[in-house]
Each structure stands twice: as structure tokens, then as C-alpha cells.
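start.txt (compact mmCIF, C-alpha atoms) appears below.
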```
# COMPACT_ATOMS: atom_id res chain seq x y z
CA MET A 1 136.39 -40.43 130.17
CA GLY A 2 134.84 -37.16 131.33
CA SER A 3 138.04 -36.25 133.20
CA MET A 4 140.20 -36.94 130.13
CA TYR A 5 137.94 -34.81 127.96
CA LYS A 6 138.12 -32.03 130.51
CA ASP A 7 141.94 -32.21 130.55
CA GLU A 8 142.11 -32.13 126.75
CA GLN A 9 139.75 -29.18 126.69
CA GLY A 10 141.90 -27.39 129.28
CA ASP A 11 145.06 -28.05 127.26
CA TRP A 12 143.36 -26.73 124.12
CA ILE A 13 142.41 -23.49 125.91
CA THR A 14 145.96 -23.08 127.23
CA VAL A 15 147.45 -23.61 123.76
CA CYS A 16 145.03 -21.07 122.27
CA LEU A 17 145.97 -18.54 124.94
CA LYS A 18 149.66 -19.09 124.21
CA TYR A 19 149.14 -18.53 120.48
CA LEU A 20 147.05 -15.44 121.16
CA LEU A 21 149.82 -14.02 123.35
CA PHE A 22 152.42 -14.78 120.68
CA VAL A 23 150.33 -12.92 118.08
CA PHE A 24 149.74 -10.10 120.53
CA ASN A 25 153.46 -9.77 121.31
CA PHE A 26 154.29 -9.56 117.62
CA LEU A 27 151.72 -6.79 117.14
CA PHE A 28 152.87 -5.20 120.37
CA TRP A 29 156.49 -5.21 119.21
CA MET A 30 155.48 -3.61 115.92
CA GLY A 31 153.37 -1.07 117.83
CA GLY A 32 156.40 -0.19 119.93
CA GLY A 33 158.34 0.54 116.76
CA VAL A 34 155.53 2.80 115.54
CA VAL A 35 155.33 4.64 118.88
CA MET A 36 159.09 5.20 118.92
CA GLY A 37 159.01 6.26 115.27
CA VAL A 38 156.27 8.82 115.94
CA GLY A 39 158.24 10.25 118.87
CA ILE A 40 161.44 10.56 116.83
CA TRP A 41 159.53 11.98 113.86
CA THR A 42 157.95 14.60 116.12
CA LEU A 43 161.35 15.80 117.30
CA VAL A 44 163.22 15.51 114.00
CA ASP A 45 160.58 16.76 111.57
CA LYS A 46 160.63 20.51 112.08
CA GLY A 47 161.96 20.02 115.60
CA GLU A 48 163.61 23.44 115.36
CA TYR A 49 160.20 24.99 115.97
CA LEU A 50 160.28 23.76 119.58
CA SER A 51 162.60 26.65 120.45
CA LEU A 52 159.78 29.03 119.51
CA LEU A 53 157.43 27.58 122.14
CA ALA A 54 157.14 28.93 125.67
CA SER A 55 156.82 25.53 127.34
CA SER A 56 158.54 22.18 126.79
CA THR A 57 155.33 20.13 127.11
CA PHE A 58 155.28 19.23 123.41
CA ALA A 59 158.88 18.00 123.50
CA VAL A 60 158.30 16.11 126.77
CA SER A 61 155.36 14.25 125.19
CA ALA A 62 157.59 13.20 122.30
CA TYR A 63 160.39 12.01 124.62
CA ILE A 64 157.89 10.00 126.67
CA LEU A 65 156.70 8.34 123.45
CA ILE A 66 160.26 7.38 122.52
CA LEU A 67 160.82 5.92 126.00
CA ALA A 68 157.51 4.04 125.90
CA GLY A 69 158.23 2.73 122.39
CA GLY A 70 161.61 1.35 123.47
CA LEU A 71 160.07 -0.31 126.53
CA VAL A 72 157.30 -1.77 124.39
CA MET A 73 159.76 -3.43 122.00
CA VAL A 74 161.79 -4.91 124.86
CA THR A 75 158.63 -6.02 126.68
CA GLY A 76 157.29 -7.69 123.53
CA PHE A 77 160.41 -9.86 123.37
CA LEU A 78 160.21 -10.64 127.11
CA GLY A 79 156.55 -11.56 126.66
CA CYS A 80 157.46 -14.27 124.16
CA CYS A 81 160.00 -15.67 126.63
CA ALA A 82 157.38 -15.64 129.40
CA VAL A 83 154.89 -17.57 127.25
CA ILE A 84 157.48 -20.19 126.27
CA ARG A 85 158.62 -20.78 129.85
CA GLU A 86 155.03 -20.87 131.20
CA GLN A 87 156.11 -19.65 134.63
CA ARG A 88 153.75 -17.60 136.75
CA SER A 89 156.59 -15.35 137.97
CA CYS A 90 157.58 -14.49 134.37
CA LEU A 91 153.96 -13.79 133.43
CA SER A 92 153.54 -11.60 136.52
CA THR A 93 156.63 -9.60 135.59
CA TYR A 94 155.39 -9.29 132.03
CA PHE A 95 151.98 -8.07 133.25
CA SER A 96 153.69 -5.48 135.48
CA CYS A 97 155.72 -4.20 132.52
CA LEU A 98 152.57 -3.87 130.41
CA LEU A 99 150.87 -1.94 133.20
CA LEU A 100 153.90 0.37 133.64
CA ILE A 101 154.04 1.16 129.92
CA PHE A 102 150.29 1.76 129.88
CA LEU A 103 150.68 4.33 132.68
CA ILE A 104 153.58 6.03 130.86
CA GLU A 105 151.52 6.34 127.69
CA LEU A 106 148.58 7.59 129.73
CA VAL A 107 150.77 10.40 131.10
CA ALA A 108 151.93 11.27 127.57
CA GLY A 109 148.33 11.31 126.38
CA VAL A 110 147.23 13.60 129.22
CA LEU A 111 150.14 15.96 128.54
CA ALA A 112 149.28 16.05 124.83
CA TYR A 113 145.60 16.74 125.56
CA VAL A 114 146.34 19.48 128.10
CA TYR A 115 148.88 21.08 125.81
CA TYR A 116 146.45 20.96 122.89
CA GLN A 117 143.97 23.01 124.91
CA ALA A 118 146.58 25.68 125.70
CA LEU A 119 148.35 25.57 122.33
CA SER A 120 146.58 28.46 120.61
CA GLU A 121 146.92 30.84 123.55
CA GLU A 122 150.60 30.03 124.02
CA LEU A 123 151.40 30.71 120.38
CA LYS A 124 149.51 34.01 120.39
CA GLN A 125 151.30 35.23 123.49
CA HIS A 126 154.79 33.90 122.90
CA LEU A 127 155.51 33.51 119.18
CA SER A 128 154.88 37.16 118.32
CA LYS A 129 157.08 38.37 121.18
CA THR A 130 159.85 35.96 120.22
CA MET A 131 159.86 37.05 116.59
CA MET A 132 159.66 40.76 117.38
CA GLU A 133 162.28 40.88 120.14
CA ASN A 134 164.73 38.05 119.48
CA TYR A 135 165.02 37.75 115.71
CA ALA A 136 168.58 38.47 114.43
CA GLN A 137 169.73 39.51 117.90
CA PRO A 138 173.15 38.58 119.40
CA GLY A 139 173.05 35.19 121.12
CA LYS A 140 169.67 34.31 119.55
CA GLU A 141 171.01 32.58 116.45
CA SER A 142 168.96 29.40 117.02
CA ILE A 143 165.73 31.39 117.26
CA THR A 144 166.64 33.35 114.12
CA GLN A 145 167.23 30.12 112.19
CA SER A 146 163.98 28.65 113.53
CA VAL A 147 161.98 31.71 112.45
CA ASP A 148 163.58 31.71 109.00
CA ARG A 149 162.83 28.04 108.52
CA LEU A 150 159.30 28.47 109.86
CA GLN A 151 158.52 31.22 107.35
CA GLN A 152 160.03 29.32 104.44
CA ASP A 153 158.56 25.89 105.26
CA PHE A 154 155.06 27.19 105.93
CA LYS A 155 155.19 29.98 103.36
CA CYS A 156 154.16 32.65 105.86
CA CYS A 157 155.47 36.01 107.05
CA GLY A 158 155.14 37.44 110.55
CA SER A 159 153.27 36.04 113.53
CA ASN A 160 149.86 37.33 112.40
CA ASN A 161 150.80 39.02 109.12
CA SER A 162 153.77 40.67 107.43
CA LEU A 163 152.98 44.05 109.02
CA ASP A 164 154.07 42.64 112.40
CA TRP A 165 157.70 42.99 111.32
CA MET A 166 157.40 46.78 111.17
CA HIS A 167 157.57 46.88 114.98
CA SER A 168 160.40 44.35 115.38
CA VAL A 169 163.77 45.22 116.89
CA TYR A 170 165.51 43.88 113.80
CA ILE A 171 163.60 45.90 111.18
CA MET A 172 164.02 49.11 113.18
CA SER A 173 167.77 48.56 113.49
CA GLN A 174 170.52 49.50 111.04
CA ALA A 175 171.24 45.80 110.48
CA ALA A 176 167.97 45.53 108.52
CA ASP A 177 169.50 47.72 105.79
CA SER A 178 166.14 49.23 104.68
CA ARG A 179 164.34 45.86 104.75
CA VAL A 180 160.67 45.92 105.74
CA VAL A 181 160.57 42.15 106.37
CA PRO A 182 163.30 39.48 106.77
CA ASP A 183 164.53 37.88 103.55
CA SER A 184 162.99 34.57 104.67
CA CYS A 185 159.55 36.09 103.95
CA CYS A 186 160.36 36.16 100.24
CA LYS A 187 158.92 33.61 97.85
CA THR A 188 162.29 33.48 96.14
CA ILE A 189 165.13 34.41 98.48
CA THR A 190 167.70 36.77 97.04
CA PRO A 191 170.03 39.24 98.82
CA GLN A 192 167.96 42.06 100.39
CA CYS A 193 164.73 40.81 98.83
CA GLY A 194 162.99 41.82 102.06
CA ARG A 195 163.07 45.46 101.03
CA ARG A 196 159.84 45.00 99.08
CA ASP A 197 156.72 43.65 100.81
CA HIS A 198 154.48 43.39 97.76
CA PRO A 199 152.34 40.17 97.62
CA SER A 200 154.17 39.17 94.45
CA ASN A 201 157.44 39.15 96.39
CA ILE A 202 156.60 37.90 99.93
CA TYR A 203 154.16 35.46 101.51
CA LYS A 204 150.97 37.09 102.73
CA VAL A 205 149.04 34.31 104.43
CA GLU A 206 145.80 34.90 106.33
CA GLY A 207 146.51 34.32 110.01
CA GLY A 208 150.28 34.43 109.56
CA CYS A 209 152.72 31.89 110.95
CA ILE A 210 150.73 31.41 114.17
CA THR A 211 147.91 29.70 112.29
CA LYS A 212 150.32 27.53 110.30
CA LEU A 213 152.38 26.44 113.31
CA GLU A 214 149.28 25.82 115.40
CA GLN A 215 147.86 23.51 112.74
CA PHE A 216 151.19 21.70 112.40
CA LEU A 217 151.48 21.06 116.15
CA ALA A 218 147.81 20.11 116.44
CA ASP A 219 148.23 17.51 113.67
CA HIS A 220 151.26 16.05 115.45
CA LEU A 221 149.41 15.89 118.76
CA LEU A 222 146.50 14.15 117.04
CA ILE A 223 148.84 11.51 115.63
CA ILE A 224 150.50 11.08 119.03
CA GLY A 225 147.09 10.58 120.63
CA ALA A 226 145.86 8.14 117.97
CA VAL A 227 149.00 5.98 118.18
CA GLY A 228 148.90 6.03 121.98
CA ILE A 229 145.25 4.91 122.06
CA GLY A 230 145.93 2.13 119.54
CA VAL A 231 148.86 0.70 121.49
CA ALA A 232 146.96 1.11 124.78
CA CYS A 233 144.12 -1.04 123.38
CA LEU A 234 146.68 -3.69 122.43
CA GLN A 235 148.09 -3.57 125.94
CA ILE A 236 144.69 -4.08 127.54
CA CYS A 237 144.16 -7.18 125.35
CA GLY A 238 147.62 -8.41 126.30
CA MET A 239 146.97 -7.95 130.01
CA VAL A 240 143.69 -9.88 129.72
CA PHE A 241 145.39 -12.75 127.84
CA THR A 242 148.24 -12.77 130.38
CA CYS A 243 145.84 -13.01 133.32
CA CYS A 244 143.94 -15.85 131.64
CA LEU A 245 147.13 -17.81 130.87
CA HIS A 246 148.43 -17.13 134.40
CA ARG A 247 145.22 -18.61 135.77
CA ARG A 248 145.41 -21.68 133.51
CA ILE A 249 148.98 -22.38 134.60
CA LYS A 250 148.00 -21.85 138.21
CA LEU A 251 145.16 -24.36 137.95
CA ASP A 252 147.38 -26.91 136.21
CA PRO A 253 148.56 -29.42 138.88
CA TYR A 254 151.69 -30.03 136.83
```

Using the file provided, produce a representation of the structure as C-alpha cells.
Amino acid sequence: MGSMYKDEQGDWITVCLKYLLFVFNFLFWMGGGVVMGVGIWTLVDKGEYLSLLASSTFAVSAYILILAGGLVMVTGFLGCCAVIREQRSCLSTYFSCLLLIFLIELVAGVLAYVYYQALSEELKQHLSKTMMENYAQPGKESITQSVDRLQQDFKCCGSNNSLDWMHSVYIMSQAADSRVVPDSCCKTITPQCGRRDHPSNIYKVEGGCITKLEQFLADHLLIIGAVGIGVACLQICGMVFTCCLHRRIKLDPY
């Protein structure tokens, strides 16, 4: 009688673990979609600004998220198969996949954190130089488009303020045609509107485009970090459930 009760209790625990892993894998699969979505959103939403950055760390973090998100979705499906088959080898493989994805996300998180610390200094040193030396120059069309979009999207003018443009290669050249700022600084863009830098005509934002872009990137890095931590917590739960189920199957004589 005691042995039968013990067997029934063991079966009940195993069934509960299986259901918990099924629920986890569903949440895990959804989390993978969110991680991939955040990575794609980071690159697509104002992804042109990446050409204005000195390093590729921000882009690398986003690509790692996309890779991790894809692996998470595939692993979630494989996890369901492993639970159904109840084979230790499948569960071991599933656990290894969870651990690998966890390490990938950990690398992405470290990159995002390190880059966040250096973000402000990089923008101060690189963005101003890029705008002053490369804007509207031959072979720098992508940078020119990125700067124009940056100033229009964030409603700013110049790296620190509109006066920065006075020292740019473009404004001092004949191509500027008497402009004092690029036309993309104008609140309403019209041909040669950059000839007048009055506050009623152009954007004069405190801190310039550096402050705006820094805040934008910092917000994206915060979202990347939050999503990564959330999915990592799910993975830890999944690894614990997997180990428990692996042990139950191992102890089962059948």
C-alpha cells in the first residue's frame, strides 16, 4: 500500500513537471519572438544612425539578440518534443541549448552595458567630427542622409548646437550657396531654407543632436537589457524544471 502510494505520488510529480515545462516552453517561445522583435526593431527603427557611430558594438548587440531570439523559438519547439518523448538524451540536449542561449544573451547584455558606459564619450568625440567633415562630401552620401534624417527626426541642428555648422566643410564650401546650416535643420524644409538660422526657422535644441541621439540609444539599450534579463529568468526556470524531470525519469525503473 505504501509502495503504491509512493509510485502514485512520483507519477503526480512527474506529470506536474511535464506540464510546467510545457507552460515554460510556450512562454519561452513567445519570449524568443519578443527578443528577435527587439533586435530587428533596434536595427530597423532609425537604423541609419548606426553609420554615425564610431564602433559597431550597438549593432552587434542587436544582431546577437536576433540570433538568440531565433534559437529561443527553435529551442522552445524542441523542448516540447523532449518532454513528450521523456528521454534523458533529449532533455540533456534541450538543457544544453538553454545554457548556450543563456550565454549568448549574457554576452549581448555585457556588450550593451559596456557600450552604455562609453556611449556619451563616443558621441561627443565622433558625431561632431562626422557632421563637420563628412556631411555633403563626395562618397559620403549615406552619412549625409543619416545626418539629415537625424536632424529632422529629433528636431535638432548641429552636434551641440546650430553654431557648429559654421565650421563645417560643407558650409564653408561653394556648394552651401550662402547657407549657414543645412536645409534639414529647418522646421519646414524648403529650397535654401538653411540661409536663415533664426529660431523661428530652424531647430535650436539645448544640447544639440548629441543629447537627442544619446537618449535614443540609451533607451534602446535599456529595452535590450530588460528583455534579456526577462528571458534569462525564464531560461533559469526552464533549466531547473528540466533537471528535475531528468532526475524523475532517471529514477523511474521503467

- Note on the structure: Counting all atoms listed in the file, the residue among A:Phe28, A:Glu214, A:Glu122, A:Tyr63 that lies closest to Ala108 in chain A is A:Tyr63

- Task: Kindly indicate which residue among A:Leu43, A:Ile210, A:Cys237, A:Val107 lies nearest to Thr130 in chain A, using only C-alpha atoms for the distances.
- Result: A:Ile210

- Distance CA of Asp148 in chain A-CA of Glu121 in chain A, one decimal place?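 So the two atoms, CA of Asp148 in chain A and CA of Glu121 in chain A, lie 22.1 Å apart.
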
- Residues within 7 Å of range 165-175 of chain A, all atoms listed in the file, excluding chain neighbours under 3 positions, as number ranges by chain: A: 132-133, 135-136, 158, 162, 179-181

- Task: Please measure the separation of CA of Gly79 in chain A and CA of Leu106 in chain A, giving the value in Å to one decimal.
- Result: 21.0 Å

- CA of Ser159 in chain A to CA of Gly207 in chain A measures 7.8 Å

Can you list, as a compact mmCIF listing (two decimals) with C-alpha atoms, in the coordinates of the input, every protein, DNA or RNA residue that comes within 10 Å of Ser92 in chain A when you count only C-alpha atoms, leaving out same-chain residues fewer than 3 positions away?
```txt
# COMPACT_ATOMS: atom_id res chain seq x y z
CA ALA A 82 157.38 -15.64 129.40
CA GLN A 87 156.11 -19.65 134.63
CA ARG A 88 153.75 -17.60 136.75
CA SER A 89 156.59 -15.35 137.97
CA PHE A 95 151.98 -8.07 133.25
CA SER A 96 153.69 -5.48 135.48
CA CYS A 97 155.72 -4.20 132.52
CA LEU A 98 152.57 -3.87 130.41
CA MET A 239 146.97 -7.95 130.01
CA THR A 242 148.24 -12.77 130.38
CA CYS A 243 145.84 -13.01 133.32
CA HIS A 246 148.43 -17.13 134.40
```

- Item | Sel. within 12 Å of pt (155.3, -0.7, 116.5), counting only C-alpha atoms, output as a ChimeraX atom specification | /A:24-39,65-66,68-76,227-228,230-232,234

- Query: Of the candidates A:Arg248, A:Gly238, A:Cys156, A:Val60, which shows the shortest atom-to-atom distance to Tyr203 in chain A, using all atoms listed in the file?
  - Reply: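 The shortest atom-to-atom distance to Tyr203 in chain A comes from A:Cys156.
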
Return the padded bounding box of range 188-201 of chain A as AutoDock Vina command-line options: axis-aligned, built from all atoms listed in the file, 5 Å added on each side, with centre and edge lengths in Å to one decimal.
```
--center_x 161.2 --center_y 39.5 --center_z 98.3 --size_x 27.7 --size_y 22.0 --size_z 17.6
```

- Query: Taking into account all atoms listed in the file, which residue in the set A:Leu123, A:Ile40, A:Val83, A:Ala226 is nearest to Leu245 in chain A?
  - Reply: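 Looking at the shortest contact to Leu245 in chain A, the residue is A:Val83.
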
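Counting all atoms listed in the file, the residue from A:Cys185, A:Cys157, A:Leu217, A:Ser200 that sits nearest to Ala118 in chain A is A:Leu217.
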
- Task: List the neighbours of Lys187 in chain A out to 8 Å using only C-alpha atoms; skip same-chain residues closer than 4 positions along the sequence, and give me the result as a ChimeraX atom specification.
- Result: /A:152,155,201-203

- Looking at all atoms listed in the file, which of A:Val23, A:Cys186, A:Cys90, A:Ala59 is the one that sits closest to Pro199 in chain A?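 Between A:Val23, A:Cys186, A:Cys90, A:Ala59, the residue approaching Pro199 in chain A most closely is A:Cys186.
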